[in-house]
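Novice: Structure supplied as entry-v1.txt; contents: compact mmCIF, N, CA and C atoms.
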```
# COMPACT_ATOMS: atom_id res chain seq x y z
N MET A 1 51.64 -172.61 -75.43
CA MET A 1 52.93 -172.40 -76.05
C MET A 1 54.01 -172.19 -74.99
N MET A 2 53.67 -171.43 -73.94
CA MET A 2 54.63 -171.18 -72.88
C MET A 2 55.04 -172.48 -72.18
N ARG A 3 54.08 -173.37 -71.99
CA ARG A 3 54.36 -174.66 -71.35
C ARG A 3 55.33 -175.49 -72.21
N PHE A 4 55.12 -175.50 -73.52
CA PHE A 4 56.02 -176.20 -74.44
C PHE A 4 57.43 -175.63 -74.32
N PHE A 5 57.56 -174.33 -74.34
CA PHE A 5 58.86 -173.67 -74.21
C PHE A 5 59.53 -174.06 -72.90
N PHE A 6 58.77 -174.11 -71.81
CA PHE A 6 59.32 -174.50 -70.50
C PHE A 6 59.92 -175.90 -70.57
N TRP A 7 59.21 -176.86 -71.18
CA TRP A 7 59.72 -178.23 -71.25
C TRP A 7 60.95 -178.34 -72.14
N VAL A 8 60.97 -177.61 -73.23
CA VAL A 8 62.14 -177.63 -74.11
C VAL A 8 63.37 -177.11 -73.36
N VAL A 9 63.20 -175.99 -72.66
CA VAL A 9 64.31 -175.41 -71.90
C VAL A 9 64.74 -176.37 -70.79
N THR A 10 63.78 -176.97 -70.10
CA THR A 10 64.10 -177.92 -69.03
C THR A 10 64.91 -179.09 -69.56
N LEU A 11 64.48 -179.67 -70.67
CA LEU A 11 65.19 -180.82 -71.23
C LEU A 11 66.59 -180.45 -71.71
N LEU A 12 66.75 -179.26 -72.25
CA LEU A 12 68.05 -178.83 -72.74
C LEU A 12 69.03 -178.50 -71.62
N THR A 13 68.51 -178.20 -70.44
CA THR A 13 69.40 -177.81 -69.35
C THR A 13 69.66 -178.93 -68.34
N ILE A 14 69.11 -180.10 -68.59
CA ILE A 14 69.40 -181.23 -67.70
C ILE A 14 70.87 -181.57 -67.85
N PRO A 15 71.59 -181.76 -66.76
CA PRO A 15 73.01 -182.09 -66.85
C PRO A 15 73.22 -183.34 -67.67
N SER A 16 74.36 -183.41 -68.32
CA SER A 16 74.63 -184.54 -69.19
C SER A 16 75.17 -185.75 -68.44
N CYS A 17 74.91 -185.84 -67.15
CA CYS A 17 75.28 -187.04 -66.40
C CYS A 17 74.48 -188.18 -67.00
N ASP A 18 75.17 -189.14 -67.57
CA ASP A 18 74.52 -190.19 -68.35
C ASP A 18 73.68 -191.11 -67.48
N SER A 19 72.39 -191.13 -67.77
CA SER A 19 71.50 -192.00 -67.01
C SER A 19 71.30 -193.34 -67.71
N SER A 20 72.13 -193.62 -68.72
CA SER A 20 71.97 -194.86 -69.47
C SER A 20 72.73 -196.01 -68.85
N THR A 21 73.15 -195.86 -67.59
CA THR A 21 73.97 -196.91 -66.97
C THR A 21 73.31 -198.28 -67.05
N SER A 22 72.01 -198.38 -66.76
CA SER A 22 71.37 -199.70 -66.82
C SER A 22 71.27 -200.18 -68.26
N THR A 23 71.03 -199.27 -69.21
CA THR A 23 70.95 -199.66 -70.61
C THR A 23 72.29 -200.20 -71.09
N VAL A 24 73.38 -199.54 -70.73
CA VAL A 24 74.71 -200.02 -71.13
C VAL A 24 74.99 -201.37 -70.48
N SER A 25 74.68 -201.50 -69.21
CA SER A 25 74.89 -202.78 -68.52
C SER A 25 74.06 -203.88 -69.18
N GLU A 26 72.83 -203.57 -69.53
CA GLU A 26 71.98 -204.55 -70.21
C GLU A 26 72.57 -204.94 -71.56
N GLU A 27 73.13 -203.97 -72.28
CA GLU A 27 73.73 -204.26 -73.58
C GLU A 27 75.00 -205.09 -73.43
N ILE A 28 75.80 -204.82 -72.39
CA ILE A 28 76.97 -205.65 -72.11
C ILE A 28 76.52 -207.08 -71.84
N ALA A 29 75.49 -207.24 -71.01
CA ALA A 29 74.97 -208.56 -70.68
C ALA A 29 74.45 -209.27 -71.93
N ARG A 30 73.73 -208.55 -72.80
CA ARG A 30 73.22 -209.15 -74.04
C ARG A 30 74.36 -209.64 -74.93
N GLN A 31 75.38 -208.78 -75.07
CA GLN A 31 76.52 -209.14 -75.91
C GLN A 31 77.25 -210.36 -75.33
N PHE A 32 77.42 -210.37 -74.01
CA PHE A 32 78.09 -211.48 -73.33
C PHE A 32 77.30 -212.78 -73.54
N GLN A 33 75.99 -212.73 -73.38
CA GLN A 33 75.15 -213.91 -73.59
C GLN A 33 75.18 -214.36 -75.05
N ALA A 34 75.08 -213.40 -75.98
CA ALA A 34 75.06 -213.73 -77.41
C ALA A 34 76.37 -214.37 -77.86
N SER A 35 77.46 -214.06 -77.17
CA SER A 35 78.77 -214.64 -77.53
C SER A 35 78.97 -216.01 -76.89
N GLY A 36 77.95 -216.52 -76.22
CA GLY A 36 78.10 -217.79 -75.50
C GLY A 36 78.88 -217.61 -74.22
N ARG A 37 78.79 -216.40 -73.64
CA ARG A 37 79.50 -216.03 -72.42
C ARG A 37 81.02 -216.12 -72.60
N THR A 38 81.49 -215.68 -73.79
CA THR A 38 82.92 -215.77 -74.07
C THR A 38 83.62 -214.42 -74.17
N PHE A 39 82.92 -213.34 -74.60
CA PHE A 39 83.61 -212.06 -74.73
C PHE A 39 82.63 -210.88 -74.67
N VAL A 40 83.23 -209.69 -74.49
CA VAL A 40 82.51 -208.42 -74.51
C VAL A 40 83.40 -207.40 -75.20
N ASN A 41 82.82 -206.63 -76.11
CA ASN A 41 83.54 -205.53 -76.77
C ASN A 41 82.88 -204.23 -76.32
N LEU A 42 83.50 -203.54 -75.36
CA LEU A 42 82.90 -202.34 -74.79
C LEU A 42 82.77 -201.20 -75.80
N ALA A 43 83.64 -201.16 -76.80
CA ALA A 43 83.56 -200.10 -77.81
C ALA A 43 82.25 -200.17 -78.58
N LYS A 44 81.65 -201.34 -78.64
CA LYS A 44 80.40 -201.50 -79.38
C LYS A 44 79.15 -201.26 -78.55
N VAL A 45 79.29 -201.15 -77.23
CA VAL A 45 78.09 -201.00 -76.40
C VAL A 45 77.98 -199.66 -75.69
N VAL A 46 79.03 -198.89 -75.66
CA VAL A 46 78.99 -197.60 -74.96
C VAL A 46 78.78 -196.49 -75.98
N PRO A 47 77.65 -195.80 -75.91
CA PRO A 47 77.29 -194.84 -76.94
C PRO A 47 78.11 -193.54 -76.97
N ARG A 48 78.59 -193.09 -75.83
CA ARG A 48 79.31 -191.81 -75.79
C ARG A 48 80.78 -192.00 -76.14
N PRO A 49 81.42 -190.93 -76.65
CA PRO A 49 82.86 -191.02 -76.92
C PRO A 49 83.63 -191.26 -75.62
N TRP A 50 84.60 -192.15 -75.68
CA TRP A 50 85.48 -192.39 -74.54
C TRP A 50 86.82 -192.89 -75.06
N ASP A 51 87.89 -192.62 -74.29
CA ASP A 51 89.20 -193.09 -74.70
C ASP A 51 89.77 -194.14 -73.76
N THR A 52 89.22 -194.24 -72.55
CA THR A 52 89.72 -195.19 -71.55
C THR A 52 88.56 -195.72 -70.72
N VAL A 53 88.62 -197.00 -70.36
CA VAL A 53 87.67 -197.55 -69.40
C VAL A 53 88.48 -197.96 -68.17
N CYS A 54 87.99 -197.55 -67.01
CA CYS A 54 88.63 -197.90 -65.75
C CYS A 54 87.64 -198.73 -64.94
N ILE A 55 88.16 -199.72 -64.24
CA ILE A 55 87.30 -200.69 -63.56
C ILE A 55 87.56 -200.66 -62.06
N LEU A 56 86.48 -200.55 -61.31
CA LEU A 56 86.56 -200.64 -59.85
C LEU A 56 85.74 -201.84 -59.40
N GLY A 57 86.35 -202.68 -58.58
CA GLY A 57 85.68 -203.85 -58.05
C GLY A 57 84.97 -203.53 -56.75
N PRO A 58 84.31 -204.53 -56.19
CA PRO A 58 83.57 -204.37 -54.95
C PRO A 58 84.39 -203.72 -53.84
N TYR A 59 83.70 -202.90 -53.09
CA TYR A 59 84.24 -202.22 -51.90
C TYR A 59 85.29 -201.16 -52.23
N SER A 60 85.35 -200.72 -53.46
CA SER A 60 86.27 -199.62 -53.81
C SER A 60 85.71 -198.31 -53.27
N ASP A 61 86.63 -197.41 -52.90
CA ASP A 61 86.22 -196.13 -52.32
C ASP A 61 86.81 -194.97 -53.12
N ASN A 62 86.61 -193.75 -52.60
CA ASN A 62 87.10 -192.56 -53.29
C ASN A 62 88.61 -192.56 -53.45
N HIS A 63 89.32 -193.04 -52.44
CA HIS A 63 90.78 -193.08 -52.52
C HIS A 63 91.22 -193.99 -53.68
N ALA A 64 90.61 -195.15 -53.81
CA ALA A 64 90.94 -196.08 -54.90
C ALA A 64 90.63 -195.45 -56.25
N ALA A 65 89.51 -194.76 -56.34
CA ALA A 65 89.12 -194.11 -57.60
C ALA A 65 90.12 -193.02 -57.98
N GLN A 66 90.50 -192.20 -57.01
CA GLN A 66 91.45 -191.12 -57.29
C GLN A 66 92.81 -191.68 -57.72
N LYS A 67 93.26 -192.69 -57.04
CA LYS A 67 94.56 -193.30 -57.37
C LYS A 67 94.53 -193.89 -58.78
N MET A 68 93.43 -194.53 -59.14
CA MET A 68 93.32 -195.15 -60.45
C MET A 68 93.15 -194.11 -61.55
N LEU A 69 92.25 -193.14 -61.33
CA LEU A 69 91.93 -192.15 -62.36
C LEU A 69 93.00 -191.06 -62.51
N GLY A 70 93.65 -190.73 -61.39
CA GLY A 70 94.61 -189.64 -61.42
C GLY A 70 93.98 -188.28 -61.16
N PHE A 71 92.70 -188.27 -60.80
CA PHE A 71 92.00 -187.04 -60.44
C PHE A 71 90.88 -187.37 -59.47
N LEU A 72 90.41 -186.35 -58.76
CA LEU A 72 89.33 -186.54 -57.79
C LEU A 72 88.03 -186.85 -58.50
N TRP A 73 87.33 -187.85 -57.99
CA TRP A 73 86.00 -188.19 -58.50
C TRP A 73 85.27 -188.94 -57.41
N ASP A 74 84.13 -188.45 -57.00
CA ASP A 74 83.40 -188.99 -55.85
C ASP A 74 82.61 -190.24 -56.21
N VAL A 75 83.29 -191.36 -56.25
CA VAL A 75 82.67 -192.63 -56.60
C VAL A 75 81.67 -193.08 -55.54
N GLU A 76 81.93 -192.75 -54.29
CA GLU A 76 81.04 -193.18 -53.21
C GLU A 76 79.68 -192.50 -53.29
N ALA A 77 79.63 -191.26 -53.73
CA ALA A 77 78.35 -190.56 -53.85
C ALA A 77 77.60 -190.93 -55.13
N ARG A 78 78.33 -191.37 -56.14
CA ARG A 78 77.73 -191.62 -57.44
C ARG A 78 77.39 -193.07 -57.73
N SER A 79 77.80 -193.98 -56.82
CA SER A 79 77.52 -195.39 -57.06
C SER A 79 77.44 -196.14 -55.73
N SER A 80 77.11 -197.40 -55.81
CA SER A 80 77.05 -198.23 -54.60
C SER A 80 78.24 -199.18 -54.50
N ILE A 81 79.30 -198.94 -55.28
CA ILE A 81 80.44 -199.85 -55.34
C ILE A 81 81.13 -200.01 -53.99
N ALA A 82 81.12 -199.01 -53.14
CA ALA A 82 81.81 -199.07 -51.85
C ALA A 82 81.17 -200.10 -50.91
N THR A 83 79.92 -200.46 -51.16
CA THR A 83 79.22 -201.37 -50.25
C THR A 83 78.59 -202.58 -50.95
N ASN A 84 78.79 -202.71 -52.25
CA ASN A 84 78.09 -203.73 -53.02
C ASN A 84 79.08 -204.69 -53.67
N ASP A 85 79.01 -205.97 -53.32
CA ASP A 85 79.94 -206.93 -53.91
C ASP A 85 79.33 -207.67 -55.11
N ARG A 86 78.16 -207.28 -55.53
CA ARG A 86 77.51 -207.95 -56.67
C ARG A 86 77.73 -207.21 -57.99
N ILE A 87 78.45 -206.08 -57.92
CA ILE A 87 78.67 -205.29 -59.13
C ILE A 87 80.14 -204.93 -59.29
N VAL A 88 80.48 -204.50 -60.50
CA VAL A 88 81.72 -203.80 -60.77
C VAL A 88 81.31 -202.45 -61.35
N LEU A 89 82.17 -201.48 -61.18
CA LEU A 89 81.89 -200.15 -61.72
C LEU A 89 82.82 -199.91 -62.89
N LEU A 90 82.23 -199.65 -64.04
CA LEU A 90 82.99 -199.31 -65.24
C LEU A 90 82.91 -197.81 -65.42
N LEU A 91 84.05 -197.15 -65.41
CA LEU A 91 84.12 -195.70 -65.58
C LEU A 91 84.71 -195.41 -66.95
N PHE A 92 83.92 -194.81 -67.81
CA PHE A 92 84.38 -194.47 -69.15
C PHE A 92 84.86 -193.03 -69.13
N VAL A 93 86.12 -192.84 -69.50
CA VAL A 93 86.80 -191.56 -69.36
C VAL A 93 87.14 -191.01 -70.74
N ASN A 94 86.94 -189.71 -70.91
CA ASN A 94 87.33 -189.01 -72.12
C ASN A 94 87.97 -187.70 -71.71
N ASP A 95 89.19 -187.46 -72.15
CA ASP A 95 89.91 -186.23 -71.81
C ASP A 95 89.92 -185.95 -70.31
N MET A 96 90.31 -186.95 -69.52
CA MET A 96 90.45 -186.80 -68.07
C MET A 96 89.14 -186.42 -67.38
N GLN A 97 88.02 -186.91 -67.92
CA GLN A 97 86.71 -186.64 -67.33
C GLN A 97 85.85 -187.89 -67.47
N VAL A 98 85.19 -188.29 -66.39
CA VAL A 98 84.30 -189.45 -66.45
C VAL A 98 83.05 -189.02 -67.22
N VAL A 99 82.80 -189.68 -68.36
CA VAL A 99 81.66 -189.34 -69.20
C VAL A 99 80.51 -190.33 -69.05
N ASN A 100 80.80 -191.49 -68.45
CA ASN A 100 79.75 -192.48 -68.25
C ASN A 100 80.21 -193.44 -67.16
N LEU A 101 79.30 -193.79 -66.28
CA LEU A 101 79.59 -194.81 -65.29
C LEU A 101 78.53 -195.88 -65.41
N VAL A 102 78.98 -197.11 -65.23
CA VAL A 102 78.07 -198.24 -65.37
C VAL A 102 78.27 -199.18 -64.19
N GLU A 103 77.22 -199.36 -63.41
CA GLU A 103 77.22 -200.39 -62.38
C GLU A 103 76.78 -201.67 -63.08
N HIS A 104 77.71 -202.60 -63.22
CA HIS A 104 77.44 -203.81 -63.99
C HIS A 104 77.42 -205.04 -63.09
N SER A 105 76.38 -205.82 -63.20
CA SER A 105 76.24 -207.05 -62.41
C SER A 105 77.34 -208.04 -62.77
N ARG A 106 78.01 -208.56 -61.78
CA ARG A 106 79.10 -209.50 -62.00
C ARG A 106 78.61 -210.81 -62.64
N ARG A 107 77.35 -211.16 -62.45
CA ARG A 107 76.86 -212.41 -63.03
C ARG A 107 76.68 -212.30 -64.54
N ASP A 108 76.70 -211.07 -65.06
CA ASP A 108 76.53 -210.86 -66.50
C ASP A 108 77.84 -210.51 -67.20
N GLY A 109 78.96 -210.96 -66.63
CA GLY A 109 80.29 -210.68 -67.17
C GLY A 109 81.10 -210.02 -66.07
N ASP A 110 81.96 -210.79 -65.43
CA ASP A 110 82.66 -210.33 -64.23
C ASP A 110 84.03 -209.71 -64.54
N PHE A 111 84.12 -208.40 -64.34
CA PHE A 111 85.36 -207.66 -64.56
C PHE A 111 86.14 -207.48 -63.25
N ALA A 112 85.71 -208.07 -62.15
CA ALA A 112 86.27 -207.78 -60.82
C ALA A 112 87.76 -208.09 -60.71
N ASN A 113 88.27 -209.06 -61.45
CA ASN A 113 89.71 -209.36 -61.42
C ASN A 113 90.54 -208.17 -61.90
N LEU A 114 89.93 -207.27 -62.63
CA LEU A 114 90.63 -206.13 -63.22
C LEU A 114 90.46 -204.86 -62.41
N SER A 115 90.01 -204.99 -61.18
CA SER A 115 89.76 -203.83 -60.34
C SER A 115 91.00 -202.94 -60.24
N ARG A 116 90.75 -201.64 -60.33
CA ARG A 116 91.76 -200.58 -60.21
C ARG A 116 92.72 -200.56 -61.39
N GLN A 117 92.22 -201.01 -62.53
CA GLN A 117 93.01 -200.95 -63.77
C GLN A 117 92.23 -200.18 -64.83
N CYS A 118 92.97 -199.56 -65.74
CA CYS A 118 92.37 -198.83 -66.85
C CYS A 118 92.89 -199.42 -68.17
N PHE A 119 92.04 -199.34 -69.20
CA PHE A 119 92.38 -199.87 -70.50
C PHE A 119 91.97 -198.88 -71.58
N PRO A 120 92.83 -198.67 -72.58
CA PRO A 120 92.45 -197.78 -73.68
C PRO A 120 91.33 -198.40 -74.51
N ARG A 121 90.58 -197.56 -75.19
CA ARG A 121 89.45 -198.02 -76.00
C ARG A 121 89.87 -199.14 -76.97
N GLU A 122 91.08 -199.01 -77.53
CA GLU A 122 91.56 -200.00 -78.49
C GLU A 122 91.69 -201.39 -77.85
N GLN A 123 91.79 -201.44 -76.53
CA GLN A 123 91.88 -202.72 -75.82
C GLN A 123 90.58 -203.00 -75.06
N GLY A 124 89.47 -202.54 -75.61
CA GLY A 124 88.17 -202.65 -74.95
C GLY A 124 87.45 -203.96 -75.16
N THR A 125 88.13 -204.96 -75.69
CA THR A 125 87.52 -206.28 -75.85
C THR A 125 88.07 -207.19 -74.76
N PHE A 126 87.16 -207.83 -74.05
CA PHE A 126 87.52 -208.69 -72.93
C PHE A 126 86.95 -210.08 -73.18
N GLN A 127 87.75 -211.10 -72.87
CA GLN A 127 87.30 -212.47 -73.06
C GLN A 127 87.20 -213.18 -71.73
N HIS A 128 86.25 -214.09 -71.65
CA HIS A 128 86.05 -214.85 -70.42
C HIS A 128 87.10 -215.96 -70.33
N GLN A 129 87.68 -216.07 -69.14
CA GLN A 129 88.63 -217.16 -68.87
C GLN A 129 88.08 -217.96 -67.71
N THR A 130 87.93 -219.26 -67.92
CA THR A 130 87.42 -220.15 -66.90
C THR A 130 88.48 -220.50 -65.88
N ASN A 131 89.73 -220.66 -66.35
CA ASN A 131 90.85 -221.02 -65.48
C ASN A 131 91.99 -220.01 -65.66
N PRO A 132 91.82 -218.79 -65.16
CA PRO A 132 92.88 -217.79 -65.35
C PRO A 132 94.13 -218.13 -64.54
N LYS A 133 95.26 -217.56 -64.95
CA LYS A 133 96.53 -217.77 -64.23
C LYS A 133 96.45 -217.18 -62.83
N LYS A 134 95.70 -216.10 -62.70
CA LYS A 134 95.56 -215.42 -61.41
C LYS A 134 94.11 -214.96 -61.26
N GLY A 135 93.57 -215.11 -60.07
CA GLY A 135 92.21 -214.67 -59.82
C GLY A 135 91.20 -215.78 -60.01
N TRP A 136 89.96 -215.39 -60.22
CA TRP A 136 88.87 -216.34 -60.38
C TRP A 136 88.30 -216.18 -61.78
N PRO A 137 87.46 -217.11 -62.22
CA PRO A 137 86.89 -217.01 -63.57
C PRO A 137 86.23 -215.65 -63.79
N GLY A 138 86.46 -215.09 -64.96
CA GLY A 138 85.90 -213.79 -65.28
C GLY A 138 86.44 -213.27 -66.59
N LEU A 139 86.20 -211.97 -66.83
CA LEU A 139 86.64 -211.32 -68.05
C LEU A 139 88.05 -210.75 -67.88
N PHE A 140 88.86 -210.92 -68.93
CA PHE A 140 90.22 -210.42 -68.96
C PHE A 140 90.47 -209.78 -70.33
N PRO A 141 91.46 -208.89 -70.44
CA PRO A 141 91.74 -208.28 -71.75
C PRO A 141 92.04 -209.37 -72.79
N LYS A 142 91.50 -209.16 -73.98
CA LYS A 142 91.75 -210.12 -75.06
C LYS A 142 93.22 -210.02 -75.44
N GLU A 143 93.83 -211.16 -75.58
CA GLU A 143 95.26 -211.19 -75.91
C GLU A 143 95.50 -211.14 -77.38
```
Render the structure in this file as structure tokens.
Specialist:
Amino acid sequence: MMRFFFWVVTLLTIPSCDSSTSTVSEEIARQFQASGRTFVNLAKVVPRPWDTVCILGPYSDNHAAQKMLGFLWDVEARSSIATNDRIVLLLFVNDMQVVNLVEHSRRDGDFANLSRQCFPREQGTFQHQTNPKKGWPGLFPKE
């Protein structure tokens, strides 16, 4: 009985730092593939409450994160975005706090053109553009 109590207490005290980053990225990829690689609706794939999604592209650092978010957040310690050009980092924010971070493979829906930008949940649908006015093919806010 004591062992059971120990595990219950341990599970309840684990920090709520969301470890579902790969699951969310996989769900984004599934949705992107199911749409014929045409769109992604982040409001439908991110399980936790959030009001804003902020995007950091390859080689972003703590300074870029702070400037974009408006508060200190150690992106370099929490992700590989500062050294990895194969991913984008999606930061889901609720009440000025990062509630979920997702390292998302660019080959499964490329948000890199939107680096250092934030979007409200209501604008969380992104469509793929093959010939954008600026940048390279990838996901852009749905018009």
Novice: For the interface of range 107-135 of chain A with range 62-80 of chain A (cut-off 8 Å, counting all atoms listed in the file), please tabulate each contacting residue of range 107-135 of chain A alongside its nearest pair of atoms and their separation in Å to one decimal, rows sorted by chain and increasing number, as a tab-separated table.
Specialist:
```
residue	atom	partner	partner_atom	distance
A:Arg116	C	A:Met68	CA	5.5
A:Gln117	N	A:Met68	CA	6.3
A:Cys118	N	A:Met68	C	6.9
```
Novice: Quick one, how far is CA of Ala43 in chain A from CA of Pro137 in chain A?
Specialist: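 Pair CA of Ala43 in chain A / CA of Pro137 in chain A returns 22.4 Å.
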Novice: Any idea what's packed within 8 Å of Glu143 in chain A, counting all atoms listed in the file, ignoring anything in its chain fewer than 5 positions away? Could you give it as a PDB file with N, CA and C atoms, in the frame of the given file?
Specialist:
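Writing the result to result.pdb gives the following:
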```pdb
ATOM      1  N   THR A 125      88.130-204.960 -75.690  1.00  0.00           N
ATOM      2  CA  THR A 125      87.520-206.280 -75.850  1.00  0.00           C
ATOM      3  C   THR A 125      88.070-207.190 -74.760  1.00  0.00           C
ATOM      4  N   PHE A 126      87.160-207.830 -74.050  1.00  0.00           N
ATOM      5  CA  PHE A 126      87.520-208.690 -72.930  1.00  0.00           C
ATOM      6  C   PHE A 126      86.950-210.080 -73.180  1.00  0.00           C
ATOM      7  N   GLN A 127      87.750-211.100 -72.870  1.00  0.00           N
ATOM      8  CA  GLN A 127      87.300-212.470 -73.060  1.00  0.00           C
ATOM      9  C   GLN A 127      87.200-213.180 -71.730  1.00  0.00           C
TER      10      GLN A 127
END
```
Novice: For Ser25 in chain A, list every protein, DNA or RNA residue within 8 Å, evaluated using all atoms listed in the file, and leave out those in the same chain fewer than 3 positions away; present the list as a PyMOL selection string.
Specialist: chain A and resi 20-22+28-31+45+101-105+108
Novice: Between CA of Ala82 in chain A and CA of Leu56 in chain A, what is the distance in Å, rounded to a tenth?
Specialist: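 Going from CA of Ala82 in chain A over to CA of Leu56 in chain A covers 9.4 Å.
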Novice: For Lys44 in chain A, which residue among A:Lys134, A:Phe140, A:Leu91, A:Glu27 is the nearest when counting all atoms listed in the file?
Specialist: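 That would be A:Glu27, the residue with the smallest distance to Lys44 in chain A.
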Novice: Which value, in Å to one decimal, gives the distance between atom C of Asp110 in chain A and CA of Thr83 in chain A?
Specialist: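 Pair atom C of Asp110 in chain A / CA of Thr83 in chain A returns 17.2 Å.
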Novice: So that I can check the surroundings of Pro58 in chain A, please list as a VMD selection string every protein, DNA and RNA residue that reaches within 7 Å of it, counting all atoms listed in the file and ignoring chain neighbours fewer than 5 positions away.
Specialist: chain A and resid 81 to 89 112 115
Novice: When DSSP is applied to the backbone of this structure, which of chain A are assigned alpha helix (DSSP H)? Write them out as a PyMOL selection string.
Specialist: chain A and resi 2-13+21-34+62-69+75-78
Novice: Which centre and which edge lengths, in Å to one decimal, describe the axis-aligned box that holds all listed atoms of range 48-60 of chain A after 6 Å is added on each side, as AutoDock Vina command-line options?
Specialist:
```
--center_x 84.2 --center_y -197.7 --center_z -64.4 --size_x 23.2 --size_y 25.6 --size_z 37.0
```
Novice: Neighbours of range 92-99 of chain A within 5 Å (all atoms listed in the file; same-chain residues fewer than 6 positions away dropped), as a VMD selection string?
Specialist: chain A and resid 50 to 54
Novice: Identify, with DSSP run on backbone atoms, the residues in range 20-121 of chain A assigned to strand (DSSP E or B), and express the list as an mmCIF file with N, CA and C atoms, in the coordinates of the input.
Specialist:
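Below is the file that was written, states19.cif:
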```
data_model
loop_
_atom_site.group_PDB
_atom_site.id
_atom_site.type_symbol
_atom_site.label_atom_id
_atom_site.label_comp_id
_atom_site.auth_asym_id
_atom_site.auth_seq_id
_atom_site.Cartn_x
_atom_site.Cartn_y
_atom_site.Cartn_z
ATOM 1 N N PHE A 39 82.920 -213.340 -74.600
ATOM 2 C CA PHE A 39 83.610 -212.060 -74.730
ATOM 3 C C PHE A 39 82.630 -210.880 -74.670
ATOM 4 N N VAL A 40 83.230 -209.690 -74.490
ATOM 5 C CA VAL A 40 82.510 -208.420 -74.510
ATOM 6 C C VAL A 40 83.400 -207.400 -75.200
ATOM 7 N N ASN A 41 82.820 -206.630 -76.110
ATOM 8 C CA ASN A 41 83.540 -205.530 -76.770
ATOM 9 C C ASN A 41 82.880 -204.230 -76.320
ATOM 10 N N THR A 52 89.220 -194.240 -72.550
ATOM 11 C CA THR A 52 89.720 -195.190 -71.550
ATOM 12 C C THR A 52 88.560 -195.720 -70.720
ATOM 13 N N VAL A 53 88.620 -197.000 -70.360
ATOM 14 C CA VAL A 53 87.670 -197.550 -69.400
ATOM 15 C C VAL A 53 88.480 -197.960 -68.170
ATOM 16 N N CYS A 54 87.990 -197.550 -67.010
ATOM 17 C CA CYS A 54 88.630 -197.900 -65.750
ATOM 18 C C CYS A 54 87.640 -198.730 -64.940
ATOM 19 N N ILE A 55 88.160 -199.720 -64.240
ATOM 20 C CA ILE A 55 87.300 -200.690 -63.560
ATOM 21 C C ILE A 55 87.560 -200.660 -62.060
ATOM 22 N N LEU A 56 86.480 -200.550 -61.310
ATOM 23 C CA LEU A 56 86.560 -200.640 -59.850
ATOM 24 C C LEU A 56 85.740 -201.840 -59.400
ATOM 25 N N ILE A 87 78.450 -206.080 -57.920
ATOM 26 C CA ILE A 87 78.670 -205.290 -59.130
ATOM 27 C C ILE A 87 80.140 -204.930 -59.290
ATOM 28 N N VAL A 88 80.480 -204.500 -60.500
ATOM 29 C CA VAL A 88 81.720 -203.800 -60.770
ATOM 30 C C VAL A 88 81.310 -202.450 -61.350
ATOM 31 N N LEU A 89 82.170 -201.480 -61.180
ATOM 32 C CA LEU A 89 81.890 -200.150 -61.720
ATOM 33 C C LEU A 89 82.820 -199.910 -62.890
ATOM 34 N N LEU A 90 82.230 -199.650 -64.040
ATOM 35 C CA LEU A 90 82.990 -199.310 -65.240
ATOM 36 C C LEU A 90 82.910 -197.810 -65.420
ATOM 37 N N LEU A 91 84.050 -197.150 -65.410
ATOM 38 C CA LEU A 91 84.120 -195.700 -65.580
ATOM 39 C C LEU A 91 84.710 -195.410 -66.950
ATOM 40 N N PHE A 92 83.920 -194.810 -67.810
ATOM 41 C CA PHE A 92 84.380 -194.470 -69.150
ATOM 42 C C PHE A 92 84.860 -193.030 -69.130
ATOM 43 N N VAL A 93 86.120 -192.840 -69.500
ATOM 44 C CA VAL A 93 86.800 -191.560 -69.360
ATOM 45 C C VAL A 93 87.140 -191.010 -70.740
ATOM 46 N N VAL A 98 85.190 -188.290 -66.390
ATOM 47 C CA VAL A 98 84.300 -189.450 -66.450
ATOM 48 C C VAL A 98 83.050 -189.020 -67.220
ATOM 49 N N VAL A 99 82.800 -189.680 -68.360
ATOM 50 C CA VAL A 99 81.660 -189.340 -69.200
ATOM 51 C C VAL A 99 80.510 -190.330 -69.050
ATOM 52 N N ASN A 100 80.800 -191.490 -68.450
ATOM 53 C CA ASN A 100 79.750 -192.480 -68.250
ATOM 54 C C ASN A 100 80.210 -193.440 -67.160
ATOM 55 N N LEU A 101 79.300 -193.790 -66.280
ATOM 56 C CA LEU A 101 79.590 -194.810 -65.290
ATOM 57 C C LEU A 101 78.530 -195.880 -65.410
ATOM 58 N N VAL A 102 78.980 -197.110 -65.230
ATOM 59 C CA VAL A 102 78.070 -198.240 -65.370
ATOM 60 C C VAL A 102 78.270 -199.180 -64.190
ATOM 61 N N GLU A 103 77.220 -199.360 -63.410
ATOM 62 C CA GLU A 103 77.220 -200.390 -62.380
ATOM 63 C C GLU A 103 76.780 -201.670 -63.080
ATOM 64 N N HIS A 104 77.710 -202.600 -63.220
ATOM 65 C CA HIS A 104 77.440 -203.810 -63.990
ATOM 66 C C HIS A 104 77.420 -205.040 -63.090
ATOM 67 N N SER A 105 76.380 -205.820 -63.200
ATOM 68 C CA SER A 105 76.240 -207.050 -62.410
ATOM 69 C C SER A 105 77.340 -208.040 -62.770
ATOM 70 N N GLN A 117 92.220 -201.010 -62.530
ATOM 71 C CA GLN A 117 93.010 -200.950 -63.770
ATOM 72 C C GLN A 117 92.230 -200.180 -64.830
ATOM 73 N N CYS A 118 92.970 -199.560 -65.740
ATOM 74 C CA CYS A 118 92.370 -198.830 -66.850
ATOM 75 C C CYS A 118 92.890 -199.420 -68.170
ATOM 76 N N PHE A 119 92.040 -199.340 -69.200
ATOM 77 C CA PHE A 119 92.380 -199.870 -70.500
ATOM 78 C C PHE A 119 91.970 -198.880 -71.580
ATOM 79 N N PRO A 120 92.830 -198.670 -72.580
ATOM 80 C CA PRO A 120 92.450 -197.780 -73.680
ATOM 81 C C PRO A 120 91.330 -198.400 -74.510
#
```
Novice: Of the candidates A:Arg37, A:Pro120, A:Asn100, A:Asn113, which shows the shortest atom-to-atom distance to Trp136 in chain A, using only N, CA and C atoms?
Specialist: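 Smallest separation from Trp136 in chain A among the options: A:Asn113.
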Novice: Looking at A:Asn131, A:Gln123, A:Ser60, A:Gln33, which one is nearest to Gly109 in chain A, with distances taken over only C-alpha atoms?
Specialist: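 With only C-alpha atoms as the atom set, the closest residue is A:Gln33.
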